[in-house]
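One file, query_38.txt, carrying compact mmCIF, C-alpha atoms (C1' of nucleotides):
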# COMPACT_ATOMS: atom_id res chain seq x y z
CA MET A 595 -11.25 40.58 39.22
CA PHE A 596 -9.44 38.03 37.17
CA PRO A 597 -10.70 35.67 34.54
CA ILE A 598 -10.26 32.70 36.84
CA ASP A 599 -11.53 29.55 35.20
CA ALA A 600 -14.91 30.85 35.59
CA ASP A 601 -15.18 32.49 38.79
CA ALA A 602 -15.52 35.62 40.72
CA GLN A 603 -12.52 35.44 42.91
CA THR A 604 -11.23 38.80 43.97
CA ASP A 605 -8.57 37.93 46.51
CA ALA A 606 -4.83 38.27 46.42
CA VAL A 607 -3.03 36.82 43.47
CA ALA A 608 -1.24 34.09 45.39
CA ASP A 609 -4.44 32.70 46.85
CA ALA A 610 -5.88 29.49 45.52
CA PRO A 611 -9.34 29.98 44.10
CA ARG A 612 -12.33 28.86 46.12
CA VAL A 613 -13.88 25.68 44.84
CA ASP A 614 -17.40 27.09 44.94
CA ASP A 615 -16.39 29.95 42.65
CA GLN A 616 -15.14 27.69 39.91
CA LEU A 617 -17.22 27.18 36.81
CA CYS A 618 -15.55 23.83 36.29
CA PHE A 619 -16.75 22.67 39.70
CA ALA A 620 -20.27 23.91 39.08
CA VAL A 621 -20.40 21.87 35.89
CA TYR A 622 -18.82 18.87 37.59
CA ALA A 623 -21.35 18.97 40.42
CA ALA A 624 -24.30 19.54 38.07
CA SER A 625 -23.25 16.54 36.01
CA HIS A 626 -23.24 14.36 39.10
CA ALA A 627 -26.59 15.80 40.15
CA PHE A 628 -28.08 14.84 36.79
CA ALA A 629 -26.71 11.33 37.14
CA LYS A 630 -28.25 11.05 40.58
CA VAL A 631 -31.68 11.98 39.27
CA TYR A 632 -31.48 9.69 36.25
CA ARG A 633 -30.03 6.68 38.06
CA PRO A 634 -33.15 5.34 39.77
CA LEU A 635 -35.29 5.99 36.68
CA LEU A 636 -32.79 4.25 34.40
CA ALA A 637 -32.44 1.38 36.83
CA GLU A 638 -36.03 0.45 35.97
CA LEU A 639 -34.86 0.01 32.38
CA GLY A 640 -31.73 -1.85 33.44
CA LEU A 641 -29.46 0.88 32.09
CA THR A 642 -26.69 3.03 33.49
CA TYR A 643 -26.47 6.65 32.40
CA PRO A 644 -23.66 6.17 29.83
CA GLN A 645 -25.48 3.11 28.50
CA TYR A 646 -28.58 5.29 28.12
CA LEU A 647 -26.56 7.81 26.11
CA ALA A 648 -25.35 5.05 23.79
CA MET A 649 -28.92 3.82 23.35
CA LEU A 650 -30.06 7.38 22.55
CA VAL A 651 -27.57 7.46 19.70
CA LEU A 652 -28.80 4.12 18.40
CA TRP A 653 -32.48 5.03 18.72
CA GLU A 654 -31.76 8.08 16.64
CA ALA A 655 -29.66 6.24 14.04
CA ASP A 656 -29.48 2.47 14.23
CA ASP A 657 -26.63 0.38 12.81
CA CYS A 658 -23.68 2.53 13.84
CA THR A 659 -20.02 1.68 14.12
CA VAL A 660 -18.34 1.90 17.49
CA LYS A 661 -16.39 4.88 16.22
CA ALA A 662 -19.55 6.75 15.23
CA ILE A 663 -21.02 6.31 18.70
CA GLY A 664 -17.73 7.36 20.21
CA GLU A 665 -17.58 10.56 18.19
CA ARG A 666 -21.13 11.43 19.11
CA LEU A 667 -20.60 10.94 22.83
CA GLY A 668 -16.93 11.84 23.05
CA LEU A 669 -15.94 8.40 24.30
CA ASP A 670 -13.21 6.09 23.05
CA SER A 671 -13.11 2.36 22.48
CA GLY A 672 -11.65 1.71 25.91
CA THR A 673 -14.91 2.90 27.39
CA LEU A 674 -17.34 1.80 24.69
CA THR A 675 -16.19 -1.74 24.01
CA PRO A 676 -17.01 -3.10 27.48
CA LEU A 677 -20.12 -0.91 27.70
CA LEU A 678 -21.48 -2.26 24.42
CA LYS A 679 -20.61 -5.80 25.44
CA ARG A 680 -22.76 -5.32 28.52
CA LEU A 681 -25.62 -4.08 26.36
CA GLU A 682 -25.11 -7.11 24.15
CA ALA A 683 -25.13 -9.40 27.19
CA GLN A 684 -28.50 -7.88 28.12
CA GLY A 685 -29.82 -8.62 24.65
CA LEU A 686 -30.35 -4.96 23.72
CA VAL A 687 -27.84 -4.72 20.85
CA SER A 688 -25.91 -6.98 18.50
CA ARG A 689 -22.25 -6.56 17.64
CA VAL A 690 -21.11 -7.91 14.28
CA ARG A 691 -18.02 -7.19 12.20
CA ASP A 692 -18.71 -5.37 8.98
CA ALA A 693 -18.36 -7.67 5.98
CA ASP A 694 -16.90 -4.94 3.75
CA ASP A 695 -14.43 -3.60 6.30
CA GLU A 696 -13.63 -6.14 8.92
CA ARG A 697 -11.97 -3.58 11.14
CA GLN A 698 -15.33 -2.10 11.97
CA VAL A 699 -17.92 -3.51 14.33
CA ARG A 700 -21.51 -2.56 13.59
CA ILE A 701 -23.84 -2.07 16.54
CA ARG A 702 -27.52 -2.74 15.92
CA LEU A 703 -30.57 -2.66 18.14
CA THR A 704 -32.28 -5.96 18.81
CA PRO A 705 -36.10 -6.07 19.05
CA ALA A 706 -35.65 -5.83 22.83
CA GLY A 707 -33.52 -2.73 22.31
CA GLN A 708 -36.16 -1.19 20.06
CA ALA A 709 -38.84 -2.07 22.59
CA LEU A 710 -37.11 0.00 25.24
CA LYS A 711 -37.38 3.20 23.21
CA PRO A 712 -40.92 4.31 24.12
CA ARG A 713 -40.27 3.70 27.80
CA ALA A 714 -37.09 5.76 27.63
CA ALA A 715 -38.89 8.49 25.73
CA LYS A 716 -41.01 9.28 28.79
CA LEU A 717 -37.99 9.83 30.91
CA PRO A 718 -36.66 13.28 29.95
CA ARG A 719 -40.00 14.88 30.53
CA GLU A 720 -40.01 13.65 34.09
CA ILE A 721 -36.62 15.26 34.55
CA GLY A 722 -37.90 18.43 32.94
CA ARG A 723 -40.57 18.68 35.59
CA ALA A 724 -37.93 18.17 38.26
CA ILE A 725 -35.91 21.11 36.99
CA GLY A 726 -39.01 23.22 37.25
CA ARG A 727 -37.98 26.09 35.06
CA PRO A 728 -39.55 27.44 31.89
CA LEU A 729 -38.50 25.59 28.77
CA PRO A 730 -37.09 28.60 26.88
CA GLU A 731 -34.72 29.29 29.76
CA ILE A 732 -33.62 25.66 29.77
CA ILE A 733 -33.00 25.69 26.05
CA GLN A 734 -30.95 28.83 26.27
CA LEU A 735 -28.93 27.47 29.16
CA ARG A 736 -28.21 24.33 27.14
CA GLN A 737 -27.04 26.47 24.23
CA GLU A 738 -24.61 28.37 26.42
CA ILE A 739 -23.20 25.16 27.86
CA VAL A 740 -22.79 23.76 24.37
CA ARG A 741 -20.81 26.86 23.44
CA LEU A 742 -18.73 26.50 26.58
CA ARG A 743 -17.92 22.92 25.66
CA ALA A 744 -16.94 23.98 22.16
CA ALA A 745 -14.58 26.63 23.51
CA LEU A 746 -12.97 24.14 25.87
CA GLU A 747 -12.54 21.53 23.18
CA ALA A 748 -11.00 24.10 20.90
CA ALA A 749 -8.56 24.97 23.68
CA SER A 750 -7.45 21.38 24.23
CA ALA A 751 -6.98 20.68 20.53
CA MET B 118 -42.72 21.53 22.63
CA PHE B 119 -42.34 19.51 25.77
CA PRO B 120 -40.25 20.10 28.85
CA ILE B 121 -37.88 17.32 27.88
CA ASP B 122 -35.03 17.12 30.34
CA ALA B 123 -33.75 20.21 28.93
CA ASP B 124 -34.23 20.15 25.36
CA ALA B 125 -36.01 21.49 22.41
CA GLN B 126 -37.39 18.33 20.94
CA THR B 127 -40.54 18.87 18.97
CA ASP B 128 -41.17 15.45 17.46
CA ALA B 129 -43.84 12.89 18.07
CA VAL B 130 -44.44 11.78 21.61
CA ALA B 131 -43.22 8.20 21.14
CA ASP B 132 -39.87 9.31 19.76
CA ALA B 133 -36.80 9.11 21.89
CA PRO B 134 -35.17 12.48 22.41
CA ARG B 135 -32.06 13.34 20.47
CA VAL B 136 -28.95 13.21 22.53
CA ASP B 137 -27.71 16.59 21.33
CA ASP B 138 -30.89 18.27 22.53
CA GLN B 139 -30.51 17.07 26.08
CA LEU B 140 -29.35 19.47 28.75
CA CYS B 141 -28.04 16.53 30.73
CA PHE B 142 -25.78 15.54 27.84
CA ALA B 143 -24.57 19.09 27.33
CA VAL B 144 -23.53 19.21 30.98
CA TYR B 145 -21.99 15.74 30.81
CA ALA B 146 -19.95 16.65 27.74
CA ALA B 147 -18.90 20.03 29.16
CA SER B 148 -17.70 18.35 32.33
CA HIS B 149 -15.52 15.98 30.30
CA ALA B 150 -14.27 18.89 28.21
CA PHE B 151 -13.18 20.70 31.37
CA ALA B 152 -11.39 17.60 32.58
CA LYS B 153 -9.59 17.33 29.26
CA VAL B 154 -8.32 20.89 29.50
CA TYR B 155 -7.28 20.57 33.13
CA ARG B 156 -5.64 17.15 32.85
CA PRO B 157 -2.34 18.09 31.21
CA LEU B 158 -1.97 21.18 33.40
CA LEU B 159 -2.68 19.21 36.56
CA ALA B 160 -0.35 16.44 35.45
CA GLU B 161 2.50 18.91 35.90
CA LEU B 162 1.48 19.14 39.56
CA GLY B 163 1.03 15.37 39.84
CA LEU B 164 -2.70 15.70 40.50
CA THR B 165 -5.85 14.32 38.94
CA TYR B 166 -8.88 16.55 38.67
CA PRO B 167 -10.75 15.13 41.69
CA GLN B 168 -7.51 15.30 43.68
CA TYR B 169 -7.23 18.95 42.67
CA LEU B 170 -10.75 19.59 43.97
CA ALA B 171 -9.85 18.01 47.30
CA MET B 172 -6.72 20.15 47.49
CA LEU B 173 -8.77 23.27 46.73
CA VAL B 174 -10.92 22.51 49.76
CA LEU B 175 -7.85 22.05 51.93
CA TRP B 176 -6.11 25.18 50.65
CA GLU B 177 -9.21 27.11 51.58
CA ALA B 178 -9.62 25.46 55.00
CA ASP B 179 -6.88 23.17 56.24
CA ASP B 180 -7.37 20.41 58.80
CA CYS B 181 -10.70 19.02 57.60
CA THR B 182 -12.36 15.72 58.33
CA VAL B 183 -13.03 13.33 55.48
CA LYS B 184 -16.72 14.00 55.91
CA ALA B 185 -16.27 17.75 55.57
CA ILE B 186 -14.42 17.35 52.28
CA GLY B 187 -17.06 14.92 51.11
CA GLU B 188 -19.90 17.32 51.84
CA ARG B 189 -18.14 20.11 50.04
CA LEU B 190 -17.48 18.07 46.91
CA GLY B 191 -20.48 15.76 47.04
CA LEU B 192 -18.32 12.64 47.34
CA ASP B 193 -18.52 9.80 49.82
CA SER B 194 -15.90 7.86 51.72
CA GLY B 195 -15.78 5.15 49.07
CA THR B 196 -14.33 7.71 46.70
CA LEU B 197 -12.40 9.89 49.12
CA THR B 198 -10.62 7.31 51.24
CA PRO B 199 -8.47 5.89 48.43
CA LEU B 200 -8.08 9.35 46.84
CA LEU B 201 -6.76 10.83 50.09
CA LYS B 202 -4.50 7.83 50.61
CA ARG B 203 -2.93 8.55 47.22
CA LEU B 204 -2.41 12.19 48.21
CA GLU B 205 -0.83 10.93 51.43
CA ALA B 206 1.41 8.57 49.47
CA GLN B 207 2.57 11.59 47.46
CA GLY B 208 3.38 13.43 50.65
CA LEU B 209 0.84 16.20 50.08
CA VAL B 210 -1.43 15.51 53.07
CA SER B 211 -1.36 13.69 56.38
CA ARG B 212 -4.20 11.52 57.67
CA VAL B 213 -4.48 11.17 61.43
CA ARG B 214 -7.34 10.04 63.65
CA ASP B 215 -8.80 12.77 65.79
CA ALA B 216 -7.83 12.36 69.44
CA ASP B 217 -11.18 13.60 70.73
CA ASP B 218 -13.32 11.53 68.38
CA GLU B 219 -11.46 8.55 67.05
CA ARG B 220 -14.07 7.92 64.37
CA GLN B 221 -12.91 10.95 62.46
CA VAL B 222 -9.79 11.21 60.35
CA ARG B 223 -8.33 14.67 60.06
CA ILE B 224 -6.70 15.62 56.77
CA ARG B 225 -3.94 18.20 56.92
CA LEU B 226 -1.68 19.70 54.31
CA THR B 227 2.00 18.88 54.59
CA PRO B 228 4.57 21.58 53.71
CA ALA B 229 4.73 20.00 50.25
CA GLY B 230 0.96 20.31 49.98
CA GLN B 231 1.13 23.97 51.02
CA ALA B 232 3.90 24.56 48.55
CA LEU B 233 1.70 23.45 45.68
CA LYS B 234 -0.85 26.18 46.33
CA PRO B 235 0.73 29.10 44.45
CA ARG B 236 1.40 26.91 41.43
CA ALA B 237 -2.21 25.75 41.41
CA ALA B 238 -3.42 29.31 41.84
CA LYS B 239 -2.14 30.21 38.39
CA LEU B 240 -4.13 27.46 36.80
CA PRO B 241 -7.71 28.76 36.68
CA ARG B 242 -6.69 31.93 34.95
CA GLU B 243 -5.13 29.94 32.15
CA ILE B 244 -8.43 28.14 31.75
CA GLY B 245 -10.25 31.44 31.84
CA ARG B 246 -8.28 32.61 28.86
CA ALA B 247 -9.09 29.37 27.08
CA ILE B 248 -12.81 29.95 27.52
CA GLY B 249 -12.36 33.34 25.98
CA ARG B 250 -15.53 35.01 27.09
CA PRO B 251 -16.10 38.08 29.22
CA LEU B 252 -15.92 37.41 32.92
CA PRO B 253 -19.39 38.72 33.83
CA GLU B 254 -20.91 36.29 31.35
CA ILE B 255 -18.94 33.44 32.86
CA ILE B 256 -20.00 34.37 36.36
CA GLN B 257 -23.63 34.50 35.37
CA LEU B 258 -23.39 31.16 33.59
CA ARG B 259 -21.88 29.64 36.70
CA GLN B 260 -24.73 31.01 38.79
CA GLU B 261 -27.32 29.45 36.53
CA ILE B 262 -25.59 26.09 36.63
CA VAL B 263 -25.42 26.28 40.40
CA ARG B 264 -29.17 26.87 40.46
CA LEU B 265 -29.69 23.96 38.07
CA ARG B 266 -27.71 21.70 40.37
CA ALA B 267 -29.75 22.84 43.36
CA ALA B 268 -33.01 22.06 41.55
CA LEU B 269 -31.76 18.61 40.60
CA GLU B 270 -30.56 17.82 44.09
CA ALA B 271 -33.89 18.94 45.50
CA ALA B 272 -35.61 16.58 43.07
CA SER B 273 -33.55 13.56 44.08
CA ALA B 274 -33.98 14.15 47.80
C1' DT C 597 -24.58 1.11 83.96
C1' DC C 598 -26.06 -1.57 80.07
C1' DC C 599 -28.18 -1.59 75.72
C1' DT C 600 -29.28 0.49 71.55
C1' DA C 601 -28.92 3.68 67.84
C1' DT C 602 -26.12 6.60 65.30
C1' DT C 603 -22.06 8.27 63.23
C1' DG C 604 -17.51 8.29 60.50
C1' DA C 605 -14.31 5.59 57.76
C1' DA C 606 -12.96 1.74 55.48
C1' DT C 607 -13.82 -1.97 52.36
C1' DT C 608 -15.83 -4.55 48.42
C1' DG C 609 -17.80 -4.88 43.97
C1' DC C 610 -19.05 -3.00 39.71
C1' DG C 611 -19.17 0.34 35.96
C1' DC C 612 -17.28 4.28 33.72
C1' DG C 613 -13.27 7.10 31.51
C1' DC C 614 -8.86 7.58 29.53
C1' DA C 615 -3.91 6.70 28.24
C1' DA C 616 -1.12 3.43 26.21
C1' DT C 617 -0.46 -0.54 23.65
C1' DC C 618 -1.50 -4.19 20.53
C1' DG C 619 -3.10 -6.73 16.41
C1' DA C 620 -5.63 -7.22 12.41
C1' DA C 621 -7.39 -5.07 8.33
C1' DT C 622 -7.12 -1.53 4.93
C1' DT C 623 -5.02 2.04 2.18
C1' DA C 624 -1.14 4.45 0.16
C1' DT C 625 3.38 4.49 -1.90
C1' DC C 626 6.62 2.80 -4.51
C1' DG D 1127 2.71 -6.92 -5.63
C1' DA D 1128 5.76 -5.94 -1.53
C1' DT D 1129 6.25 -2.51 1.99
C1' DA D 1130 4.92 1.19 4.89
C1' DA D 1131 1.51 4.04 7.11
C1' DT D 1132 -3.07 4.44 8.78
C1' DT D 1133 -7.40 2.96 10.83
C1' DC D 1134 -10.50 0.36 13.94
C1' DG D 1135 -11.28 -2.20 17.86
C1' DA D 1136 -9.81 -4.72 21.79
C1' DT D 1137 -7.03 -4.99 25.93
C1' DT D 1138 -4.61 -3.48 30.14
C1' DG D 1139 -3.87 -0.57 33.98
C1' DC D 1140 -5.18 3.00 36.93
C1' DG D 1141 -8.26 6.31 39.08
C1' DC D 1142 -12.80 7.93 40.00
C1' DG D 1143 -17.87 7.33 41.70
C1' DC D 1144 -21.39 5.03 44.11
C1' DA D 1145 -24.14 1.35 46.57
C1' DA D 1146 -23.84 -1.76 50.17
C1' DT D 1147 -21.67 -3.71 54.02
C1' DT D 1148 -18.68 -3.78 57.99
C1' DC D 1149 -16.50 -2.11 62.12
C1' DA D 1150 -15.17 0.87 65.80
C1' DA D 1151 -16.37 4.83 68.42
C1' DT D 1152 -19.67 7.77 70.32
C1' DA D 1153 -24.12 9.41 72.05
C1' DG D 1154 -28.70 8.57 74.17
C1' DG D 1155 -32.14 6.35 76.79
C1' DA D 1156 -34.02 2.81 80.19

Translate this file's structure into C-alpha cells.
Amino acid sequence: MFPIDADAQTDAVADAPRVDDQLCFAVYAASHAFAKVYRPLLAELGLTYPQYLAMLVLWEADDCTVKAIGERLGLDSGTLTPLLKRLEAQGLVSRVRDADDERQVRIRLTPAGQALKPRAAKLPREIGRAIGRPLPEIIQLRQEIVRLRAALEAASA
Amino acid sequence: MFPIDADAQTDAVADAPRVDDQLCFAVYAASHAFAKVYRPLLAELGLTYPQYLAMLVLWEADDCTVKAIGERLGLDSGTLTPLLKRLEAQGLVSRVRDADDERQVRIRLTPAGQALKPRAAKLPREIGRAIGRPLPEIIQLRQEIVRLRAALEAASA
DNA sequence: TCCTATTGAATTGCGCGCAATCGAATTATC
DNA sequence: GATAATTCGATTGCGCGCAATTCAATAGGA
C-alpha cells in the first residue's frame, strides 16, 4: 500500500499504476461526464460549459473585471478574452474599458444576458435529479473535493 | 434546500446558483488543479497529461487498438488520433494497421516507451504526498467520484 | 455473389486551456 | 518629473475534446 496519487495500487514498486486506480483519472473522467450532461441542456441557451461558468459569476456579481472572473474560475486572459468576446458577439455581455483605470476591461450583462438567468437557474436541479443521491451526501462530497483542490493548489504554489 | 446540481443553495427559486456551491464546478476546478500539479512533473518525461493517461493504458496492456484506448479513457478518435501520432513522433509508440482487420490500428510501445514506465511509476506517489491525506480516505473519495461519474454517464445515455 | 449496413480511423471545424510574449497604462522610486 | 517596475489584457502557438463527416474494410442478408 503506497500513497499513490490517490489509489489503491498494491503491486510491485516498479509497476506503473493502473489508470482506474488513480484519483486524478476519476476526477478527470467525472469532469467530462458532467460536461456531457450539461452540454445538451446548455446548447438550448446557446452556451458552452465554460461560458456558463462565466455567466454564473456575472449573475452573482455583475460588472466584473476580466481578472476577477479569472480568479473566480481559475482561468487566465488567454482563455477568457476570446470566450468573453464570443459572449459579447451573442449580445449577452458588454466589454468596456474602465474610465479610471484603462488597463481594466469591465464585463457587464446586457438585458439579454440578464434574461437568461431564470432559464439557467432551472438547470442545476435537473442535474441534481440525474445524480440521484441524497442532497446531504452530495454537499459533503462537494466539500471533500473542494478540500482536495485546495491541497493540490497549495502543492503547486 | 433543493437538489441543485450538487450544491447547497438555499435562495429564492429564480436565483441563479452560486458557482462555488456547484458540485460540477468543484470537480472542474479539481481536475484543473490535478493537471497543474502533474504538468511540470510530466514535462520532465516529455508528456502531457492526456498523453500520460494513454501511456498508462499501454503500460498496463500493450498492443491495444485505438478504440480500446478510447473506451478506457472515454476519448474518441478525433482526440486520440493526433495524440497518438505525437507519441509516435516522439518514438514512444508504433502505429500499425492490423493484418487481420485493416480497419484497426494497433498501438504498441517502443523500447523507449517501455523505458519510460519506471520513471512514470514514481510520479503518483509524489502526488500522493502532495495531497497529504490518509490513503484510506483518498481511496474512499475516489470510489465516490467513480460512482458519481457512473450516475452522470447513466443520465446522459 | 451482390448489396447493404456496420465498424474503426482519420479528418475538419470550433471552442477551451495554458505558456509565453507583447503593449499600454499605472504605480513606485528616485 | 524622468525612469523603472508592475499590472491588465490581448495575442500567438500548441494541444486537447467533441461533433460531424468521410472513407475503407468488414460482416450480414437476399

For a quick test of understanding: name the residues of chain B lying within 7 Å of chain D when counting all atoms listed in the file, and present them as a list of chain:residue names.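 Result: B:Thr196, B:Glu219, B:Arg220.
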
Distance in Å - atom CA of Glu254 of chain B versus atom CA of Ala238 of chain B: 21.6 Å

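Every protein or nucleic acid residue with an atom no more than 12 Å from DA605 of chain C, counting all atoms listed in the file and leaving out same-chain residues fewer than 6 positions away, appears here: B:Thr182, B:Val183, B:Lys184, B:Gly187, B:Asp193, B:Ser194, B:Gly195, B:Thr196, B:Leu197, B:Thr198, B:Pro199, B:Leu201, B:Arg212, B:Val213, B:Arg214, B:Glu219, B:Arg220, B:Gln221, B:Val222, B:Arg223, D:DT1148, D:DC1149, D:DA1150, D:DA1151.
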
Mind fitting chain B to chain A by least squares on all Cα atoms in order and giving back the moved coordinates as a tab-separated table (two decimals) with C-alpha atoms, in the frame of the given file?
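Output contents, as saved in superposed-v6.tsv:
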chain	number	residue	atom	x	y	z
B	118	MET	CA	-11.28	40.57	39.33
B	119	PHE	CA	-9.46	38.02	37.27
B	120	PRO	CA	-10.69	35.66	34.60
B	121	ILE	CA	-10.31	32.70	36.92
B	122	ASP	CA	-11.55	29.56	35.24
B	123	ALA	CA	-14.93	30.83	35.61
B	124	ASP	CA	-15.21	32.46	38.81
B	125	ALA	CA	-15.59	35.61	40.71
B	126	GLN	CA	-12.61	35.42	42.97
B	127	THR	CA	-11.35	38.80	44.03
B	128	ASP	CA	-8.66	37.92	46.55
B	129	ALA	CA	-4.93	38.27	46.47
B	130	VAL	CA	-3.08	36.81	43.54
B	131	ALA	CA	-1.28	34.08	45.50
B	132	ASP	CA	-4.50	32.70	46.93
B	133	ALA	CA	-5.94	29.52	45.59
B	134	PRO	CA	-9.41	29.98	44.16
B	135	ARG	CA	-12.39	28.84	46.16
B	136	VAL	CA	-13.92	25.69	44.86
B	137	ASP	CA	-17.45	27.08	44.93
B	138	ASP	CA	-16.45	29.95	42.67
B	139	GLN	CA	-15.17	27.71	39.93
B	140	LEU	CA	-17.23	27.20	36.81
B	141	CYS	CA	-15.52	23.86	36.31
B	142	PHE	CA	-16.75	22.68	39.70
B	143	ALA	CA	-20.26	23.93	39.08
B	144	VAL	CA	-20.37	21.89	35.88
B	145	TYR	CA	-18.80	18.87	37.57
B	146	ALA	CA	-21.33	18.97	40.40
B	147	ALA	CA	-24.28	19.55	38.05
B	148	SER	CA	-23.23	16.56	35.97
B	149	HIS	CA	-23.22	14.36	39.08
B	150	ALA	CA	-26.56	15.80	40.13
B	151	PHE	CA	-28.05	14.84	36.77
B	152	ALA	CA	-26.67	11.34	37.11
B	153	LYS	CA	-28.21	11.05	40.56
B	154	VAL	CA	-31.64	11.99	39.25
B	155	TYR	CA	-31.42	9.71	36.23
B	156	ARG	CA	-29.97	6.69	38.03
B	157	PRO	CA	-33.08	5.34	39.76
B	158	LEU	CA	-35.23	5.98	36.69
B	159	LEU	CA	-32.75	4.27	34.40
B	160	ALA	CA	-32.37	1.39	36.83
B	161	GLU	CA	-35.96	0.47	36.01
B	162	LEU	CA	-34.83	0.03	32.40
B	163	GLY	CA	-31.68	-1.83	33.45
B	164	LEU	CA	-29.41	0.90	32.08
B	165	THR	CA	-26.64	3.06	33.47
B	166	TYR	CA	-26.41	6.66	32.37
B	167	PRO	CA	-23.61	6.17	29.80
B	168	GLN	CA	-25.46	3.11	28.49
B	169	TYR	CA	-28.55	5.30	28.12
B	170	LEU	CA	-26.54	7.81	26.08
B	171	ALA	CA	-25.34	5.05	23.78
B	172	MET	CA	-28.91	3.82	23.36
B	173	LEU	CA	-30.06	7.37	22.56
B	174	VAL	CA	-27.58	7.45	19.69
B	175	LEU	CA	-28.82	4.10	18.41
B	176	TRP	CA	-32.50	5.01	18.73
B	177	GLU	CA	-31.79	8.06	16.64
B	178	ALA	CA	-29.68	6.20	14.05
B	179	ASP	CA	-29.51	2.43	14.23
B	180	ASP	CA	-26.68	0.33	12.82
B	181	CYS	CA	-23.72	2.49	13.84
B	182	THR	CA	-20.06	1.63	14.10
B	183	VAL	CA	-18.36	1.84	17.47
B	184	LYS	CA	-16.41	4.81	16.19
B	185	ALA	CA	-19.56	6.68	15.20
B	186	ILE	CA	-21.03	6.28	18.67
B	187	GLY	CA	-17.74	7.33	20.18
B	188	GLU	CA	-17.58	10.52	18.14
B	189	ARG	CA	-21.11	11.41	19.06
B	190	LEU	CA	-20.57	10.92	22.79
B	191	GLY	CA	-16.89	11.84	23.00
B	192	LEU	CA	-15.90	8.38	24.24
B	193	ASP	CA	-13.21	6.05	22.98
B	194	SER	CA	-13.10	2.32	22.41
B	195	GLY	CA	-11.63	1.69	25.85
B	196	THR	CA	-14.89	2.90	27.33
B	197	LEU	CA	-17.32	1.78	24.65
B	198	THR	CA	-16.16	-1.76	23.97
B	199	PRO	CA	-16.98	-3.13	27.43
B	200	LEU	CA	-20.10	-0.92	27.68
B	201	LEU	CA	-21.47	-2.27	24.40
B	202	LYS	CA	-20.59	-5.81	25.41
B	203	ARG	CA	-22.73	-5.35	28.52
B	204	LEU	CA	-25.61	-4.08	26.37
B	205	GLU	CA	-25.11	-7.13	24.16
B	206	ALA	CA	-25.13	-9.40	27.21
B	207	GLN	CA	-28.49	-7.86	28.14
B	208	GLY	CA	-29.81	-8.61	24.69
B	209	LEU	CA	-30.35	-4.96	23.75
B	210	VAL	CA	-27.85	-4.74	20.88
B	211	SER	CA	-25.95	-7.01	18.54
B	212	ARG	CA	-22.28	-6.56	17.66
B	213	VAL	CA	-21.17	-7.92	14.30
B	214	ARG	CA	-18.09	-7.22	12.19
B	215	ASP	CA	-18.82	-5.39	8.98
B	216	ALA	CA	-18.48	-7.68	5.96
B	217	ASP	CA	-17.03	-4.95	3.75
B	218	ASP	CA	-14.53	-3.65	6.29
B	219	GLU	CA	-13.74	-6.21	8.92
B	220	ARG	CA	-12.07	-3.63	11.14
B	221	GLN	CA	-15.41	-2.12	11.98
B	222	VAL	CA	-17.98	-3.53	14.35
B	223	ARG	CA	-21.55	-2.60	13.60
B	224	ILE	CA	-23.89	-2.09	16.54
B	225	ARG	CA	-27.56	-2.78	15.94
B	226	LEU	CA	-30.60	-2.68	18.17
B	227	THR	CA	-32.29	-5.99	18.85
B	228	PRO	CA	-36.11	-6.09	19.11
B	229	ALA	CA	-35.65	-5.82	22.88
B	230	GLY	CA	-33.51	-2.74	22.36
B	231	GLN	CA	-36.17	-1.21	20.10
B	232	ALA	CA	-38.83	-2.05	22.62
B	233	LEU	CA	-37.10	0.02	25.27
B	234	LYS	CA	-37.39	3.21	23.23
B	235	PRO	CA	-40.91	4.33	24.15
B	236	ARG	CA	-40.24	3.72	27.83
B	237	ALA	CA	-37.07	5.78	27.65
B	238	ALA	CA	-38.87	8.50	25.74
B	239	LYS	CA	-40.98	9.30	28.78
B	240	LEU	CA	-37.93	9.85	30.90
B	241	PRO	CA	-36.63	13.29	29.91
B	242	ARG	CA	-39.96	14.92	30.51
B	243	GLU	CA	-39.97	13.67	34.07
B	244	ILE	CA	-36.58	15.28	34.52
B	245	GLY	CA	-37.86	18.44	32.91
B	246	ARG	CA	-40.53	18.70	35.55
B	247	ALA	CA	-37.91	18.16	38.22
B	248	ILE	CA	-35.88	21.10	36.96
B	249	GLY	CA	-38.97	23.21	37.20
B	250	ARG	CA	-37.99	26.10	35.03
B	251	PRO	CA	-39.53	27.45	31.86
B	252	LEU	CA	-38.49	25.60	28.75
B	253	PRO	CA	-37.08	28.59	26.84
B	254	GLU	CA	-34.73	29.28	29.73
B	255	ILE	CA	-33.60	25.67	29.74
B	256	ILE	CA	-32.99	25.71	26.01
B	257	GLN	CA	-30.94	28.85	26.24
B	258	LEU	CA	-28.92	27.47	29.13
B	259	ARG	CA	-28.20	24.36	27.11
B	260	GLN	CA	-27.02	26.49	24.20
B	261	GLU	CA	-24.60	28.38	26.39
B	262	ILE	CA	-23.18	25.19	27.83
B	263	VAL	CA	-22.76	23.79	24.35
B	264	ARG	CA	-20.79	26.90	23.43
B	265	LEU	CA	-18.71	26.55	26.59
B	266	ARG	CA	-17.88	22.97	25.66
B	267	ALA	CA	-16.89	24.04	22.15
B	268	ALA	CA	-14.54	26.70	23.53
B	269	LEU	CA	-12.93	24.20	25.88
B	270	GLU	CA	-12.49	21.59	23.19
B	271	ALA	CA	-10.94	24.19	20.91
B	272	ALA	CA	-8.51	25.05	23.70
B	273	SER	CA	-7.40	21.47	24.24
B	274	ALA	CA	-6.90	20.76	20.55

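Here atom C1' of DC599 of chain C and atom CA of Asp218 of chain B stand 21.1 Å from one another.
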
All residues 8 Å or closer to Ala272 of chain B, all atoms listed in the file, same chain fewer than 5 positions away omitted, as a list in words: Val631, Ala724 and Ile725 of chain A

Point out the residue among B:Ala185, B:Glu205, B:Ala229, B:Ser211 with the least atom-to-atom distance to chain C, counting only C-alpha atoms (C1' of nucleotides). B:Ala185

Chain C residues within 12 Å of chain B, counting only C-alpha atoms (C1' of nucleotides): which ones, as a VMD selection string? chain C and resid 603 to 609 613 to 615

Suppose you want the space between atom CA of Arg225 of chain B and atom CA of Ile186 of chain B; what is it in Å? 11.5 Å
